[in-house]
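Shown here: my_file_3.txt, compact mmCIF, C-alpha atoms.
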```
# COMPACT_ATOMS: atom_id res chain seq x y z
CA MET A 11 0.00 0.00 0.00
CA PRO A 12 1.52 3.41 -0.89
CA THR A 13 2.45 5.60 2.05
CA ALA A 14 2.29 8.81 0.02
CA VAL A 15 0.15 9.97 -2.86
CA SER A 16 1.29 12.66 -5.29
CA PHE A 17 -1.14 14.99 -6.97
CA PRO A 18 -0.88 18.30 -8.83
CA PRO A 19 -0.56 21.58 -6.87
CA ASP A 20 -3.89 22.80 -8.25
CA ILE A 21 -5.69 19.86 -6.67
CA ALA A 22 -3.85 20.44 -3.40
CA ARG A 23 -4.96 24.08 -3.43
CA LEU A 24 -8.58 23.10 -4.06
CA ILE A 25 -8.52 20.59 -1.20
CA ALA A 26 -7.00 23.22 1.11
CA GLU A 27 -9.77 25.66 0.17
CA LEU A 28 -12.41 23.02 0.79
CA ILE A 29 -11.00 22.26 4.25
CA ALA A 30 -10.76 25.99 5.03
CA ASP A 31 -14.40 26.50 4.02
CA HIS A 32 -15.44 23.59 6.21
CA GLU A 33 -13.53 25.05 9.19
CA ALA A 34 -15.00 28.50 8.57
CA THR A 35 -18.55 27.12 8.53
CA ARG A 36 -17.93 25.32 11.79
CA GLU A 37 -16.53 28.51 13.34
CA LYS A 38 -19.45 30.50 11.94
CA SER A 39 -22.02 28.37 13.77
CA ARG A 40 -20.02 28.64 17.01
CA ASP A 41 -19.75 32.37 16.50
CA ALA A 42 -23.48 32.63 15.84
CA ALA A 43 -24.31 30.65 19.00
CA GLU A 44 -21.95 32.82 21.05
CA LYS A 45 -23.56 35.96 19.63
CA LEU A 46 -27.00 34.61 20.56
CA LEU A 47 -25.95 34.18 24.19
CA ILE A 48 -24.26 37.57 24.29
CA GLY A 49 -27.06 39.35 22.42
CA LEU A 50 -29.63 38.14 24.93
CA ASN A 51 -27.36 38.71 27.93
CA PRO A 52 -24.82 41.43 27.08
CA GLU A 53 -22.92 40.98 30.36
CA ASN A 54 -21.69 37.67 28.89
CA ASP A 55 -19.47 39.68 26.59
CA ILE A 56 -16.77 40.20 29.22
CA SER A 57 -16.62 36.52 30.12
CA ARG A 58 -16.95 34.65 26.85
CA ASP A 59 -14.84 31.79 28.21
CA ALA A 60 -17.37 31.22 30.98
CA ILE A 61 -20.18 30.53 28.50
CA ARG A 62 -18.07 28.48 26.10
CA PRO A 63 -19.13 25.09 27.54
CA THR A 64 -22.77 26.13 27.23
CA VAL A 65 -22.16 27.20 23.63
CA THR A 66 -20.58 23.81 22.93
CA LEU A 67 -23.54 22.00 24.46
CA TRP A 68 -25.97 24.17 22.46
CA LEU A 69 -24.10 23.30 19.25
CA ASP A 70 -24.00 19.58 20.09
CA VAL A 71 -27.74 19.50 20.68
CA THR A 72 -28.73 21.62 17.68
CA ASN A 73 -26.36 19.67 15.42
CA TRP A 74 -27.92 16.44 16.63
CA PHE A 75 -31.35 17.71 15.60
CA MET A 76 -29.99 18.99 12.29
CA GLY A 77 -28.57 15.53 11.68
CA ILE A 78 -31.95 13.82 12.00
CA THR A 79 -34.06 16.62 10.51
CA HIS A 80 -32.22 16.67 7.22
CA ASP A 81 -32.75 13.73 4.94
CA SER A 82 -30.00 11.26 5.68
CA GLY A 83 -31.69 8.25 4.14
CA ARG A 84 -32.73 6.87 7.53
CA LYS A 85 -36.24 6.14 8.71
CA ASP A 86 -37.61 8.00 11.73
CA SER A 87 -37.75 4.80 13.72
CA VAL A 88 -33.97 4.56 13.57
CA VAL A 89 -33.75 7.53 15.92
CA ASP A 90 -33.30 6.27 19.44
CA ASP A 91 -36.23 7.38 21.57
CA ALA A 92 -34.13 7.88 24.72
CA GLU A 93 -31.62 9.92 22.77
CA LEU A 94 -34.40 12.07 21.33
CA ARG A 95 -35.88 12.69 24.79
CA LYS A 96 -32.46 13.52 26.23
CA ASN A 97 -31.62 16.00 23.49
CA PHE A 98 -35.05 17.57 23.55
CA ALA A 99 -34.85 18.06 27.33
CA LEU A 100 -31.40 19.61 26.96
CA PHE A 101 -32.54 21.90 24.17
CA GLU A 102 -35.48 23.01 26.30
CA THR A 103 -33.29 23.58 29.36
CA ALA A 104 -30.73 25.57 27.36
CA LEU A 105 -33.48 27.67 25.83
CA LEU A 106 -34.92 28.38 29.27
CA GLY A 107 -31.44 29.13 30.63
CA ILE A 108 -31.00 31.75 27.93
CA GLY A 109 -34.39 33.37 28.06
CA GLN A 110 -36.32 32.73 31.24
CA GLN A 111 -36.56 34.94 34.34
CA PHE A 112 -33.28 35.27 36.22
CA PHE A 113 -34.53 33.75 39.47
CA THR A 114 -36.26 30.83 37.76
CA THR A 115 -32.86 29.64 36.56
CA THR A 116 -31.32 30.39 39.95
CA ASP A 117 -33.98 28.19 41.57
CA ALA A 118 -33.26 25.38 39.10
CA LEU A 119 -29.52 25.68 39.86
CA ASP A 120 -30.24 25.69 43.60
CA GLU A 121 -32.09 22.39 43.25
CA ILE A 122 -29.03 20.89 41.58
CA LEU A 123 -26.78 22.39 44.26
CA VAL A 124 -28.84 20.92 47.09
CA ASP A 125 -28.33 17.45 45.61
CA ALA A 126 -24.69 18.10 44.76
CA ASN A 127 -23.76 19.40 48.20
CA SER A 128 -25.69 16.82 50.24
CA MET B 14 -14.74 12.16 56.35
CA LYS B 15 -17.82 13.10 54.33
CA SER B 16 -18.34 11.12 51.15
CA TRP B 17 -19.64 12.88 48.07
CA TRP B 18 -21.73 11.39 45.34
CA THR B 19 -20.60 11.59 41.75
CA PRO B 20 -22.88 13.53 39.41
CA THR B 21 -24.51 11.72 36.52
CA PRO B 22 -23.82 12.86 32.93
CA GLU B 23 -27.45 14.04 32.75
CA GLN B 24 -27.00 16.27 35.79
CA ILE B 25 -23.80 17.71 34.36
CA ASP B 26 -25.44 18.40 30.98
CA ARG B 27 -28.48 20.00 32.59
CA THR B 28 -26.24 22.24 34.69
CA VAL B 29 -24.15 23.31 31.69
CA ALA B 30 -27.37 24.09 29.78
CA LEU B 31 -28.49 26.37 32.62
CA LEU B 32 -25.21 28.29 32.83
CA ALA B 33 -25.93 30.55 29.87
CA GLN B 34 -25.61 33.75 31.88
CA ARG B 35 -22.55 35.08 33.62
CA GLU B 36 -24.33 35.61 36.94
CA HIS B 37 -25.73 32.08 36.94
CA HIS B 38 -22.26 30.76 36.25
CA ARG B 39 -21.01 32.67 39.27
CA HIS B 40 -23.93 31.63 41.46
CA PHE B 41 -23.34 27.98 40.71
CA PHE B 42 -19.56 27.87 41.16
CA ASP B 43 -19.69 30.02 44.30
CA LEU B 44 -22.07 27.59 45.99
CA LEU B 45 -20.78 24.25 44.72
CA GLU B 46 -19.06 22.31 47.52
CA ASN B 47 -18.78 18.85 45.97
CA PRO B 48 -15.27 17.92 44.76
CA GLU B 49 -16.67 15.11 42.61
CA TRP B 50 -17.81 17.73 40.12
CA LEU B 51 -14.23 18.78 39.39
CA GLY B 52 -13.53 16.11 36.77
CA PRO B 53 -16.84 16.33 34.89
CA GLN B 54 -16.73 20.14 34.86
CA GLU B 55 -13.18 20.05 33.56
CA LYS B 56 -14.24 17.68 30.78
CA LYS B 57 -17.02 20.08 29.79
CA GLY B 58 -14.50 22.88 29.33
CA PHE B 59 -14.73 24.71 32.65
CA LEU B 60 -11.70 25.34 34.92
CA LYS B 61 -9.46 26.09 31.95
CA SER B 62 -9.66 29.74 30.93
CA PRO B 63 -9.18 32.48 33.52
CA PRO B 64 -10.49 35.87 32.39
CA PRO B 65 -7.73 38.37 31.57
CA PRO B 66 -7.53 41.85 33.15
CA ILE B 67 -9.62 44.46 31.36
CA PRO B 68 -7.83 47.79 30.89
CA ASP B 69 -10.00 50.89 31.09
CA GLU B 70 -7.99 53.56 29.26
CA SER B 71 -10.48 56.34 29.95
CA ARG B 72 -10.20 55.94 33.73
CA GLY B 73 -6.59 54.87 33.77
CA ALA B 74 -7.61 51.75 35.64
CA VAL B 75 -7.61 48.02 35.19
CA ALA B 76 -10.52 45.73 36.06
CA PHE B 77 -9.79 42.25 37.32
CA PRO B 78 -12.85 40.06 36.76
CA VAL B 79 -13.54 37.41 39.35
CA TRP B 80 -13.22 33.83 38.17
CA PRO B 81 -15.75 31.77 40.13
CA GLU B 82 -14.02 28.61 38.93
CA SER B 83 -10.75 29.52 40.68
CA ARG B 84 -12.67 30.20 43.88
CA TYR B 85 -14.23 26.75 43.56
CA LEU B 86 -10.75 25.26 43.05
CA ALA B 87 -9.48 27.05 46.16
CA ARG B 88 -12.32 25.59 48.25
CA MET B 89 -11.92 22.09 46.81
CA SER B 90 -8.16 21.97 47.28
CA LYS B 91 -8.52 20.73 50.85
CA LEU B 92 -10.98 18.00 49.83
CA ALA B 93 -9.41 16.81 46.57
CA PRO B 94 -5.84 18.16 46.45
CA GLU B 95 -4.57 15.72 43.81
CA LYS B 96 -7.36 16.57 41.38
CA VAL B 97 -7.02 20.31 42.00
CA ALA B 98 -3.26 20.06 41.47
CA GLN B 99 -3.85 18.25 38.18
CA ILE B 100 -6.19 21.03 37.02
CA LEU B 101 -3.84 23.77 38.22
CA ARG B 102 -1.10 22.34 35.99
CA THR B 103 -3.24 22.98 32.92
CA ILE B 104 -4.43 26.52 33.69
CA PRO B 105 -2.61 29.00 31.45
CA ASP B 106 -0.72 31.95 32.91
CA THR B 107 -2.77 35.04 33.55
CA GLU B 108 -2.17 38.54 34.91
CA ASN B 109 -5.51 38.54 36.71
CA LEU B 110 -4.59 39.20 40.34
CA ARG B 111 -7.88 37.80 41.62
CA VAL B 112 -7.05 34.47 40.00
CA HIS B 113 -3.55 34.60 41.51
CA ASP B 114 -5.09 35.09 44.95
CA ASP B 115 -7.48 32.15 44.52
CA LEU B 116 -4.84 29.82 43.15
CA ALA B 117 -2.47 30.81 45.95
CA ASP B 118 -5.28 29.83 48.35
CA ALA B 119 -5.57 26.51 46.53
CA ALA B 120 -1.82 25.92 46.89
CA LEU B 121 -2.01 26.81 50.58
CA ALA B 122 -4.81 24.31 51.18
CA MET B 123 -3.06 21.34 49.61
CA PRO B 124 -0.29 19.22 51.16
CA ALA B 125 3.08 20.97 51.02
CA GLU B 126 4.66 18.38 48.69
CA LEU B 127 1.97 19.11 46.11
CA ALA B 128 2.09 22.88 46.66
CA ALA B 129 5.87 22.86 46.12
CA GLU B 130 5.31 21.93 42.50
CA PHE B 131 3.59 25.27 41.89
CA VAL B 132 6.40 27.47 43.19
CA PRO B 133 7.71 28.28 39.65
CA LYS B 134 4.17 29.30 38.63
CA VAL B 135 3.83 31.44 41.74
CA ILE B 136 7.15 33.12 41.01
CA ASN B 137 5.72 34.23 37.65
CA TRP B 138 2.83 35.91 39.47
CA ILE B 139 5.31 37.91 41.52
CA GLN B 140 6.59 39.44 38.28
CA SER B 141 3.09 40.75 37.50
CA PRO B 142 2.77 44.54 37.93
CA PHE B 143 -0.39 44.17 40.03
CA HIS B 144 -0.96 42.51 43.39
CA ALA B 145 -3.79 42.49 45.89
CA LEU B 146 -3.42 39.94 48.69
CA LEU B 147 -0.74 37.86 47.00
CA PRO B 148 2.22 39.07 49.13
CA GLU B 149 0.49 37.96 52.34
CA LYS B 150 -0.55 34.63 50.84
CA LEU B 151 2.93 33.92 49.52
CA GLY B 152 4.40 34.70 52.93
CA ALA B 153 2.08 32.04 54.34
CA LEU B 154 3.00 29.63 51.55
CA PHE B 155 6.69 30.15 52.20
CA SER B 156 6.18 29.47 55.89
CA ARG B 157 4.13 26.35 55.16
CA LEU B 158 6.67 24.94 52.70
CA ALA B 159 9.57 25.63 55.09
CA SER B 160 7.86 24.06 58.09
CA SER B 161 6.80 21.00 56.08
CA GLY B 162 10.29 20.09 54.94
CA GLU B 163 10.02 21.49 51.40
CA VAL B 164 13.16 23.51 52.03
CA ASP B 165 14.37 23.91 48.45
CA SER B 166 10.99 25.16 47.24
CA ALA B 167 10.66 27.45 50.25
CA LEU B 168 14.07 28.98 49.55
CA GLU B 169 13.28 29.37 45.85
CA LEU B 170 10.06 31.19 46.76
CA ALA B 171 11.77 33.35 49.39
CA LYS B 172 14.43 34.34 46.88
CA ALA B 173 11.73 35.56 44.49
CA ILE B 174 9.69 37.31 47.19
CA LEU B 175 12.68 39.14 48.63
CA ALA B 176 14.41 39.92 45.35
CA ILE B 177 15.40 43.56 44.96
CA ARG B 178 14.27 45.05 41.71
CA ALA B 179 14.47 48.40 40.01
CA ASP B 180 11.44 50.57 40.59
CA PRO B 181 9.49 50.26 37.32
CA ARG B 182 8.44 53.91 37.72
CA ASN B 183 11.93 55.34 38.02
CA ARG B 184 12.11 56.25 34.36
CA GLU B 185 8.79 58.14 34.57
CA LYS B 186 9.96 59.93 37.71
CA VAL B 187 13.16 61.04 36.05
CA ARG B 188 11.28 62.32 33.00
CA GLY B 189 8.60 64.09 35.04
CA LYS B 190 10.57 65.74 37.84
CA GLN B 191 14.18 65.44 36.79
CA VAL B 192 14.87 63.53 39.98
CA PRO B 193 18.48 62.46 39.90
CA VAL B 194 18.57 58.72 40.14
CA SER B 195 21.37 57.45 42.23
CA GLY B 196 22.48 53.88 42.05
CA ALA B 197 20.65 53.25 45.30
CA ALA B 198 17.41 54.76 44.05
CA ALA B 199 17.61 52.72 40.91
CA SER B 200 18.07 49.53 42.83
CA PHE B 201 15.84 50.05 45.84
CA PRO B 202 12.26 51.08 45.12
CA LEU B 203 11.71 52.30 48.68
CA VAL B 204 14.60 54.76 48.38
CA GLY B 205 12.77 56.20 45.42
CA VAL B 206 9.70 56.67 47.60
CA GLN B 207 11.66 58.81 50.05
CA LYS B 208 12.57 61.17 47.25
CA ASN B 209 8.91 61.51 46.29
CA PRO B 210 6.94 61.08 49.53
CA THR B 211 3.51 61.63 47.97
CA HIS B 212 4.02 58.52 45.76
CA GLU B 213 2.26 60.50 43.09
CA HIS B 214 3.40 60.88 39.59
CA PRO B 215 2.99 64.49 38.36
CA GLN B 216 1.03 63.33 35.33
CA SER B 217 -1.48 61.49 37.48
CA ARG B 218 -2.86 64.72 39.02
CA GLY B 219 -4.81 65.52 35.93
CA GLY B 220 -6.34 62.09 35.82
CA GLY B 221 -3.84 60.76 33.32
CA GLY B 222 -0.97 58.40 33.86
CA SER B 223 -0.96 54.66 34.25
CA ALA B 224 -2.69 52.71 36.98
CA CYS B 225 0.75 51.93 38.32
CA SER B 226 1.78 55.57 38.58
CA LYS B 227 -1.14 56.32 40.91
CA ALA B 228 -0.75 53.36 43.18
CA PRO B 229 1.05 53.11 46.53
CA LEU B 230 4.12 50.95 46.52
CA ARG B 231 3.76 47.34 47.49
CA PRO B 232 6.20 44.66 48.52
CA PHE B 233 8.23 43.33 45.57
CA GLY B 234 8.70 46.99 44.51
CA GLN B 235 5.54 46.76 42.46
CA CYS B 236 2.25 48.56 42.76
CA ARG B 237 -1.32 47.98 43.73
CA ALA B 238 -3.71 48.84 40.96
CA PRO B 239 -6.98 50.59 41.58
CA ILE B 240 -9.26 47.59 41.36
CA SER B 241 -12.49 48.04 39.51
CA GLU B 242 -15.16 45.67 40.69
CA SER B 243 -16.14 43.63 37.70
CA ARG B 244 -19.02 41.53 38.83
```
Will you turn the file into structure tokens for me?
Amino acid sequence: MPTAVSFPPDIARLIAELIADHEATREKSRDAAEKLLIGLNPENDISRDAIRPTVTLWLDVTNWFMGITHDSGRKDSVVDDAELRKNFALFETALLGIGQQFFTTTDALDEILVDANS
Amino acid sequence: MKSWWTPTPEQIDRTVALLAQREHHRHFFDLLENPEWLGPQEKKGFLKSPPPPIPDESRGAVAFPVWPESRYLARMSKLAPEKVAQILRTIPDTENLRVHDDLADAALAMPAELAAEFVPKVINWIQSPFHALLPEKLGALFSRLASSGEVDSALELAKAILAIRADPRNREKVRGKQVPVSGAAASFPLVGVQKNPTHEHPQSRGGGGSACSKAPLRPFGQCRAPISESR
């Protein structure tokens, strides 16, 4: 089996552009998600690192839905019910975390903290 | 000793989903007392990126945002020192003095043999132009290392704490007031203070000048910045 493959520089340039476009699209969706969280809560702007894990989770969940919403040749029944419930619950929680009343989220966090600290 | 339960992946995910606002992030990390959350939170991307200082040119000040995650690390250091030490190794250098204070607390709370490993990191913090409570904490760390048999690390730290450095403001002083700088004044910051007892740089009277030029001198020959609360 060959360990290296040679191809013309033009092809190499096209592949590099394709990879760069792919990277840029990925960054664009992260950027858009970050802007959503900052747009709705401007104080997030000075601590972007603090919301990064939430942005990652938001992207994971929305990408999961995108994956099953778009035609991928699978039947609906292939989607694991537990997985669907889990992702839907997470999507709902994230949406509430972004938009609901401040103290409603604080109460939800306090419930988690009571369990965590017991 | 109290035993802590390990969070489930669902609990971790739900928590991360709820931490979409800065204040909620702070609320959660300020109240979390369970060391078993250290690993999962680290995997999710927390405990990695301390916020940098935020310069405010218009006010000639610097804001040092709190990092709730470093405060959590400081509290957990007594309960899970090995895990906290492992996380501390991966945290990048920062000039945020609030983070320095918290991480110094974390080092103070862990066994001396583990804390000794962080002496080179701590020495870097000493070089920072801004300090709040760090000098006091490092004095305590030195004492703890020395009394626990970590003599080499204690001496290394003491050497850095007690090092004599040129006053970083000497050049400004010379330019502003034509103060003749003797060899002694150049080498000993406190001698420079005697020549200018108000500690005030002429340019700072009109509201200009750097944060450093307005600040009283601190140990290490550095300065204390006016700290803007960034909460």
Q: Could you please select, counting all atoms listed in the file, the residues of chain A within 9 Å of chain B and state them as a ChimeraX atom specification?
A: /A:47-48,51,53-68,96,99-108,112,115-116,118-120,122-123,125-128
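You will find atom CA of B:Met89 at 20.4 Å from atom CA of B:Asp106.
Atom CA of A:Leu24 is found 25.0 Å from atom CA of A:Met11.
Here atom CA of B:Ile100 and atom CA of B:Ser83 stand 10.3 Å from one another.
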(Q) When you look at B:Leu170 with a cut-off of 7 Å (counting all atoms listed in the file), what residues show up, excluding the ones that are within fewer than 6 positions of it in the same chain? I need them as a list of chain:residue names. (A) B:Val132, B:Ile136, B:Phe155
Q | Selection near A:Arg40, 10 Å with only C-alpha atoms, sequence-local residues under 2 positions removed, as a ChimeraX atom specification | A | /A:34-38,42-46,62,65-66,68-69
Q) Contacts of B:Asn137 at 12 Å or less, counting only C-alpha atoms, minus same-chain residues fewer than 3 places along, as a count of residues only? A) 18
Completed stretch 146-175 of chain B (N, CA and C atoms) as an mmCIF file, in the frame of the given file:
```cif
data_model
loop_
_atom_site.group_PDB
_atom_site.id
_atom_site.type_symbol
_atom_site.label_atom_id
_atom_site.label_comp_id
_atom_site.auth_asym_id
_atom_site.auth_seq_id
_atom_site.Cartn_x
_atom_site.Cartn_y
_atom_site.Cartn_z
ATOM 1 N N LEU B 146 -3.759 40.611 47.430
ATOM 2 C CA LEU B 146 -3.420 39.940 48.690
ATOM 3 C C LEU B 146 -2.291 38.930 48.499
ATOM 4 N N LEU B 147 -1.742 38.890 47.301
ATOM 5 C CA LEU B 147 -0.740 37.860 47.000
ATOM 6 C C LEU B 147 0.471 37.890 47.950
ATOM 7 N N PRO B 148 1.039 39.074 48.249
ATOM 8 C CA PRO B 148 2.220 39.070 49.130
ATOM 9 C C PRO B 148 1.958 38.350 50.455
ATOM 10 N N GLU B 149 0.812 38.619 51.065
ATOM 11 C CA GLU B 149 0.490 37.960 52.340
ATOM 12 C C GLU B 149 0.358 36.450 52.154
ATOM 13 N N LYS B 150 -0.321 36.069 51.073
ATOM 14 C CA LYS B 150 -0.550 34.630 50.840
ATOM 15 C C LYS B 150 0.777 33.909 50.559
ATOM 16 N N LEU B 151 1.655 34.568 49.832
ATOM 17 C CA LEU B 151 2.930 33.920 49.520
ATOM 18 C C LEU B 151 3.821 33.825 50.754
ATOM 19 N N GLY B 152 3.681 34.796 51.647
ATOM 20 C CA GLY B 152 4.400 34.700 52.930
ATOM 21 C C GLY B 152 3.944 33.444 53.669
ATOM 22 N N ALA B 153 2.633 33.230 53.670
ATOM 23 C CA ALA B 153 2.080 32.040 54.340
ATOM 24 C C ALA B 153 2.531 30.766 53.638
ATOM 25 N N LEU B 154 2.584 30.814 52.311
ATOM 26 C CA LEU B 154 3.000 29.630 51.550
ATOM 27 C C LEU B 154 4.464 29.298 51.837
ATOM 28 N N PHE B 155 5.271 30.342 51.884
ATOM 29 C CA PHE B 155 6.690 30.150 52.200
ATOM 30 C C PHE B 155 6.821 29.467 53.559
ATOM 31 N N SER B 156 6.100 30.002 54.528
ATOM 32 C CA SER B 156 6.180 29.470 55.890
ATOM 33 C C SER B 156 5.732 28.009 55.918
ATOM 34 N N ARG B 157 4.676 27.715 55.180
ATOM 35 C CA ARG B 157 4.130 26.350 55.160
ATOM 36 C C ARG B 157 5.123 25.381 54.504
ATOM 37 N N LEU B 158 5.705 25.814 53.394
ATOM 38 C CA LEU B 158 6.670 24.940 52.700
ATOM 39 C C LEU B 158 7.880 24.688 53.603
ATOM 40 N N ALA B 159 8.374 25.761 54.254
ATOM 41 C CA ALA B 159 9.570 25.630 55.090
ATOM 42 C C ALA B 159 9.305 24.714 56.273
ATOM 43 N N SER B 160 8.130 24.867 56.889
ATOM 44 C CA SER B 160 7.860 24.060 58.090
ATOM 45 C C SER B 160 7.453 22.636 57.749
ATOM 46 N N SER B 161 7.191 22.360 56.460
ATOM 47 C CA SER B 161 6.800 21.000 56.080
ATOM 48 C C SER B 161 7.951 20.246 55.412
ATOM 49 N N GLY B 162 9.129 20.793 55.475
ATOM 50 C CA GLY B 162 10.290 20.090 54.940
ATOM 51 C C GLY B 162 10.562 20.331 53.466
ATOM 52 N N GLU B 163 9.779 21.182 52.820
ATOM 53 C CA GLU B 163 10.020 21.490 51.400
ATOM 54 C C GLU B 163 11.000 22.666 51.328
ATOM 55 N N VAL B 164 12.197 22.420 51.828
ATOM 56 C CA VAL B 164 13.160 23.510 52.030
ATOM 57 C C VAL B 164 13.588 24.163 50.716
ATOM 58 N N ASP B 165 13.894 23.346 49.723
ATOM 59 C CA ASP B 165 14.370 23.910 48.450
ATOM 60 C C ASP B 165 13.315 24.824 47.824
ATOM 61 N N SER B 166 12.066 24.348 47.815
ATOM 62 C CA SER B 166 10.990 25.160 47.240
ATOM 63 C C SER B 166 10.770 26.427 48.055
ATOM 64 N N ALA B 167 10.848 26.282 49.383
ATOM 65 C CA ALA B 167 10.660 27.450 50.250
ATOM 66 C C ALA B 167 11.732 28.496 49.966
ATOM 67 N N LEU B 168 12.973 28.036 49.813
ATOM 68 C CA LEU B 168 14.070 28.980 49.550
ATOM 69 C C LEU B 168 13.918 29.639 48.172
ATOM 70 N N GLU B 169 13.491 28.837 47.210
ATOM 71 C CA GLU B 169 13.280 29.370 45.850
ATOM 72 C C GLU B 169 12.215 30.480 45.891
ATOM 73 N N LEU B 170 11.154 30.208 46.653
ATOM 74 C CA LEU B 170 10.060 31.190 46.760
ATOM 75 C C LEU B 170 10.547 32.436 47.510
ATOM 76 N N ALA B 171 11.277 32.212 48.595
ATOM 77 C CA ALA B 171 11.770 33.350 49.390
ATOM 78 C C ALA B 171 12.689 34.235 48.550
ATOM 79 N N LYS B 172 13.507 33.586 47.736
ATOM 80 C CA LYS B 172 14.430 34.340 46.880
ATOM 81 C C LYS B 172 13.648 35.265 45.935
ATOM 82 N N ALA B 173 12.546 34.742 45.416
ATOM 83 C CA ALA B 173 11.730 35.560 44.490
ATOM 84 C C ALA B 173 10.981 36.656 45.240
ATOM 85 N N ILE B 174 10.461 36.319 46.424
ATOM 86 C CA ILE B 174 9.690 37.310 47.190
ATOM 87 C C ILE B 174 10.593 38.466 47.625
ATOM 88 N N LEU B 175 11.800 38.116 48.051
ATOM 89 C CA LEU B 175 12.680 39.140 48.630
ATOM 90 C C LEU B 175 13.640 39.753 47.616
#
```
